[in-house]
Every structure is written in structure tokens, then in C-alpha cells.
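Below is one structure, written out as C-alpha cells; the observations come after it.
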Amino acid sequence: MIHTYLSSAEIAQVQDFVLAERGKSLSEREWHFRLRGYGYGLRESEGSWMVTTLLENADLFEIDKATVDGPISE
């Protein structure tokens, strides 16, 4: 279940940001670290990533793993 107070436009902006940070990261660990610096977290589930907010500990939205280009190696 997704609990969000963001509009669909805001979700799209955050999703673009999360994916841009993924493109800048060399590993999954770095991706998580970079997002934590902006107050976001990632939780992996089967077939998707749940984007969360760290301050309110709330789920924002899911990103399909297929959306993330290529595997992230550690």
C-alpha cells in the first residue's frame, strides 16, 4: 500500500530525480547513500523499488526494477 501526499506531477519529478541519481551512482550502495542525503530511502521488493521519505518514514511510490536501466553492481 502506498501512502502519499504528493500529486502525480510531484511524483514524476521525484521519480526523475531518483533515476537521475541512479545514473550518477556506481553501485547500489552509492545510490542509496546519495538518496539518503536528500531525505529519500529505497526499499527493495520483488520486481520494484519502494521510494520512501526518511523524515516521515512514509512510502511515496514504487518504481519497477525494469525502469532502472541495467543492473547495479556492488
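The way I read the labels, and the way they are meant: chains A, B, ... in the order of the C-alpha cells, residue 1 as the first residue of every chain, and ligand 1 as the first ligand shown, with later ones counted on from there.
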
### Task
Please report, as a VMD selection string, each residue of chain A to which DSSP assigns helix (DSSP H, G or I) when run on this structure's backbone.
chain A and resid 8 to 24 28 to 37 65 to 67

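Nearest to A:Asn57 of all the residues A:Ser27, A:Ser8, A:Gly39, A:Glu44 is A:Gly39, counting only C-alpha atoms.
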
Between atom CA of A:Glu28 and atom CA of A:Leu60 lies a distance of 19.6 Å

re atom CA of A:Lys65 and atom CA of A:Ser48: distance 4.7 Å

Residue neighbourhood A:Ala66, 8 Å, only C-alpha atoms, exclusion window fewer than 2 positions, as a PyMOL selection string:
chain A and resi 47-48+64+68-69

Next, the residues of the selection above should be written as a compact mmCIF listing (two decimals), in the first residue's frame with C-alpha atoms.
# COMPACT_ATOMS: atom_id res chain seq x y z
CA GLY A 47 10.14 -6.58 -9.01
CA SER A 48 10.20 -2.99 -7.73
CA ASP A 64 9.59 -1.00 -11.42
CA VAL A 68 16.05 1.20 -13.74
CA ASP A 69 18.41 0.78 -16.66

Correct to one decimal, the distance atom CA of A:Leu54-atom CA of A:Val14 is 14.0 Å

Counting only C-alpha atoms, the residue among A:Thr67, A:Glu62, A:Thr52, A:Ser7 that lies closest to A:Arg22 is A:Thr67

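The closest residue to A:Leu42, picked from A:Leu6, A:Ile11, A:Leu26, A:Ala58 and counting only C-alpha atoms, is A:Ala58.
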
Find the residues around A:Gln15 up to 9 Å (only C-alpha atoms counted), leave out those fewer than 5 positions away in its own chain, and share them as a count of residues only. 6

Let's see if you can do this: from backbone DSSP, list all strand (DSSP E or B) residues in chain A, as a short mmCIF file (atom, residue, chain, number, x, y, z; two decimals) with C-alpha atoms, in the first residue's frame.
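And here's out-v7.cif as it stands now:
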data_model
loop_
_atom_site.label_atom_id
_atom_site.label_comp_id
_atom_site.auth_asym_id
_atom_site.auth_seq_id
_atom_site.Cartn_x
_atom_site.Cartn_y
_atom_site.Cartn_z
CA TYR A 40 14.76 9.67 0.49
CA GLY A 41 15.18 5.97 1.01
CA LEU A 42 14.78 2.85 -1.10
CA ARG A 43 13.34 -0.46 -0.08
CA GLU A 44 13.67 -3.38 -2.46
CA SER A 45 10.78 -5.71 -3.07
CA SER A 48 10.20 -2.99 -7.73
CA TRP A 49 11.83 -0.35 -5.56
CA MET A 50 9.71 1.47 -2.98
CA VAL A 51 10.78 5.11 -2.63
CA THR A 52 10.29 6.35 0.92
CA THR A 53 10.76 9.58 2.81
CA ALA A 58 6.31 7.03 4.72
CA ASP A 59 6.11 5.17 1.42
CA LEU A 60 5.85 7.53 -1.54
CA PHE A 61 5.65 5.37 -4.68
CA GLU A 62 7.10 2.34 -6.44
CA ILE A 63 9.49 2.20 -9.37
CA ASP A 64 9.59 -1.00 -11.42
#

Restricting to only C-alpha atoms, whichever of A:Ala9, A:Asp16, A:Gly23, A:Leu55 is closest to A:Gly37 is A:Leu55
